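A quick write-up on the structure given underneath.
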Amino acid sequence: NMLARDQVPTSGSYTAFAEGREKFYMPFAFKELSTSVGIINSQVIIQNVGTAPTNVTVDLISGETGAVSHSKVISGLPAGESFYYDQSLEGALPDGWYGSALVSADPGGLIVAVGNQFTGSHGLLTYPGFTAGYTEWVVPLYLSRLANGYNSIIAIQNVSGAPIAAGNISVTFTPDPSLGEAPFVKTLGSELANSATWTLNPRGSSEWPVDSYGAAKIQASGDVVAIVNQLVNEPPNSKPSALSYNAIPTNITGQTVVVPLIMSRLANGYSTVMTVANLTSSAGTCDITYKPDPSLSLADTVVTGITLPASGSILHNHRLDGSTTHQLPTNWFGAAVVECDRAVGGVVNQLQSGGAGDPDLSYNAFTMD
């Protein structure tokens with residue numbers, strides 16, 4: 001977790017890396033871009049996890065042309081050290097620039113990369129970079145024009161090595177079964193250059209449904225990667241909320257999801273929302289074991305026989321009374337293990353009601369093989 005204290009709070013979260021790679025893809029980068037959520041800027045944080053110094057190149061790819069706008073060379077990054085590359089300070093980029101980034105070490109170098117996105121006065125969204133693309137990804141939770149101000153912005157970066165033609169990326173949205181809504185599809189409208197990003201944004205658009213949420217599946221003719229930004233805009237809302245997580249490739253086969261931290265209506269205002277997505281097109285069943293922190297002296301809470309919709313998801317909102325869903329009491333905290341009979345992935349939103357600034361964050365849960 002990345003937290004700012006002794007000021008108006010802001011926070012972001014990302015999952016750690018198991019190993020370094022030579023190349024990372026970052027779907028979003030900005031410099032002083034004016035948007036509906038205020039001015040947006042980005043950072044890329046690169047760590048050398050090898051045993052020797054390495055040169056690193058950050059190619060910034062224009063969201064308008066698909067061409068490289070600027071290449072930042074970091075010479076001789078020492079082993080174990082990190083470099084903070086702040087696009088807002090990059091003189092080679094004009095204000096209002098937006099696009100994506102490709103981070104590359106010299107041959108044989110090993111790095112990891114994390115992206116920060118700063119929105120408005122206090123919003124921070126953090127995500128880990130991608131090491132490889134795939135042709136099919138799942139979005140465990142999309143939000144479209146909710147009454148509480150939330151929307152999900154999906155950013156899909158082409159990493160196939162060649163342009164992807166119009167019509168060759170589609171996103172199928174499957175609303176939560178409780179809504180009784182039919183699936184709907186969004187399709188790439190024009191050619192997407194290699195390394196460029198296609199952005200889907202429902203905010204204020206009559207082409208998107210109101211008060212819709214559920215899961216989505218991305219399908220492409222070539223390799224892509226994708227992140228999901230969940231935003232409450234400030235203004236008009238008095239309290240911003242900015243969270244980001246990575247979409248999940250469907251080549252994952254694990255059927256168990258582990259969540260390190262679950263919180264149910266804590267006294268400090270924190271709660272979590274856990275979403276588990278079906279990575280297959282066949283319906284299944286899940287059992288969830290909520291394991292309390294030892295200090296609570298409580299037994300496990302086990303919820304069995306939960307229907308996992310085909311290409312859909314299960315959502316447990318621990319901010320709400322869960323007598324018919326998660327069954328957790330107020331002031332409960334601990335971990336969760338979700339065991340299913342289908343391949344699954346998960347995402348967790350960590351939210352604080354009533355807090356100043358942007359204390360909210362999101363991260364990907366861990367799928368176990």
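Note on naming: chains are A, B, ... as they come in the structure tokens, residues start from 1 per chain, ligands start from 1 in the order shown.
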(message) List as a list of chain:residue names the protein and nucleic acid residues near Leu102 of chain A, meaning an atom at most 8 Å away when only C-alpha atoms are counted, but skip any in the same chain fewer than 4 places from it.
(response)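 Non-adjacent residues within range: A:Lys23, A:Phe24, A:Tyr25, A:Met26, A:Val58, A:Asp59, A:Leu60, A:Ile61, A:Ser195.
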Near Thr135 of chain A, within 8 Å and counting only C-alpha atoms, which residues show up once chain neighbours fewer than 5 positions away are dropped, as a PDB file with N, CA, C and O atoms, in the first residue's frame?
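around.pdb was written with the following content:
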```
ATOM      1  N   ILE A 218     -12.655  -9.191 -22.210  1.00  0.00           N
ATOM      2  CA  ILE A 218     -11.977  -8.559 -23.339  1.00  0.00           C
ATOM      3  C   ILE A 218     -11.470  -9.660 -24.266  1.00  0.00           C
ATOM      4  O   ILE A 218     -10.787 -10.591 -23.823  1.00  0.00           O
ATOM      5  N   GLN A 219     -11.769  -9.548 -25.560  1.00  0.00           N
ATOM      6  CA  GLN A 219     -11.288 -10.504 -26.550  1.00  0.00           C
ATOM      7  C   GLN A 219     -10.668  -9.731 -27.707  1.00  0.00           C
ATOM      8  O   GLN A 219     -11.269  -8.789 -28.229  1.00  0.00           O
ATOM      9  N   ALA A 220      -9.442 -10.125 -28.093  1.00  0.00           N
ATOM     10  CA  ALA A 220      -8.703  -9.399 -29.124  1.00  0.00           C
ATOM     11  C   ALA A 220      -8.066 -10.375 -30.099  1.00  0.00           C
ATOM     12  O   ALA A 220      -7.783 -11.534 -29.766  1.00  0.00           O
ATOM     13  N   SER A 221      -7.786  -9.886 -31.310  1.00  0.00           N
ATOM     14  CA  SER A 221      -7.153 -10.725 -32.323  1.00  0.00           C
ATOM     15  C   SER A 221      -5.650 -10.845 -32.087  1.00  0.00           C
ATOM     16  O   SER A 221      -5.007 -11.742 -32.657  1.00  0.00           O
ATOM     17  N   GLY A 222      -5.076  -9.951 -31.287  1.00  0.00           N
ATOM     18  CA  GLY A 222      -3.662  -9.995 -30.941  1.00  0.00           C
ATOM     19  C   GLY A 222      -3.488  -9.736 -29.457  1.00  0.00           C
ATOM     20  O   GLY A 222      -4.443  -9.394 -28.743  1.00  0.00           O
ATOM     21  N   ASP A 223      -2.271  -9.881 -28.973  1.00  0.00           N
ATOM     22  CA  ASP A 223      -2.016  -9.728 -27.541  1.00  0.00           C
ATOM     23  C   ASP A 223      -2.259  -8.297 -27.076  1.00  0.00           C
ATOM     24  O   ASP A 223      -1.818  -7.325 -27.712  1.00  0.00           O
ATOM     25  N   VAL A 224      -2.950  -8.189 -25.949  1.00  0.00           N
ATOM     26  CA  VAL A 224      -3.216  -6.909 -25.297  1.00  0.00           C
ATOM     27  C   VAL A 224      -2.996  -7.074 -23.796  1.00  0.00           C
ATOM     28  O   VAL A 224      -2.874  -8.189 -23.280  1.00  0.00           O
TER      29      VAL A 224
END
```
Write out, as a tab-separated table, each residue of segment 126-230 of chain A that has an atom at most 12 Å from segment 296-308 of chain A, together with the closest pair of atoms and their distance in Å to one decimal, counting only C-alpha atoms, rows going by chain and rising number.
```
residue	atom	partner	partner_atom	distance
A:Pro140	CA	A:Leu308	CA	11.9
A:Asp176	CA	A:Leu308	CA	10.8
A:Pro177	CA	A:Leu308	CA	10.3
A:Ala215	CA	A:Leu308	CA	11.4
```
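Residue nearest Leu231 of chain A, chosen from A:Ile154, A:Ile252, A:Ile262, A:Ala166 and counting only C-alpha atoms: A:Ile154.
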(message) Give me, as a list in words, all polymer residues having an atom no more than 12 Å from Ala67 of chain A, counting only C-alpha atoms and skipping those fewer than 4 positions away in the same chain.
(response) Asp59, Leu60, Ile61, Ser62, Gly63, Ser71, Tyr98, Gly99, Ser100, Ala101, Leu102, Pro163, Leu192, Ala193, Asn194, Ser195, Ala196 and Thr197 of chain A
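Taking segment 76-202 of chain A and asking which residues DSSP calls helix (DSSP H, G or I) on the backbone, you get Gln87, Ser88, Leu89, Pro177, Ser178 and Leu179 of chain A.
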Could you dump the residues just selected with C-alpha atoms as a short mmCIF file (atom, residue, chain, number, x, y, z; two decimals), in the first residue's frame?
```
data_model
loop_
_atom_site.label_atom_id
_atom_site.label_comp_id
_atom_site.auth_asym_id
_atom_site.auth_seq_id
_atom_site.Cartn_x
_atom_site.Cartn_y
_atom_site.Cartn_z
CA GLN A 87 5.91 12.57 -16.51
CA SER A 88 4.73 15.91 -15.11
CA LEU A 89 8.40 16.99 -14.99
CA PRO A 177 -27.65 -11.30 -12.15
CA SER A 178 -29.52 -9.22 -9.55
CA LEU A 179 -29.99 -6.47 -12.14
#
```
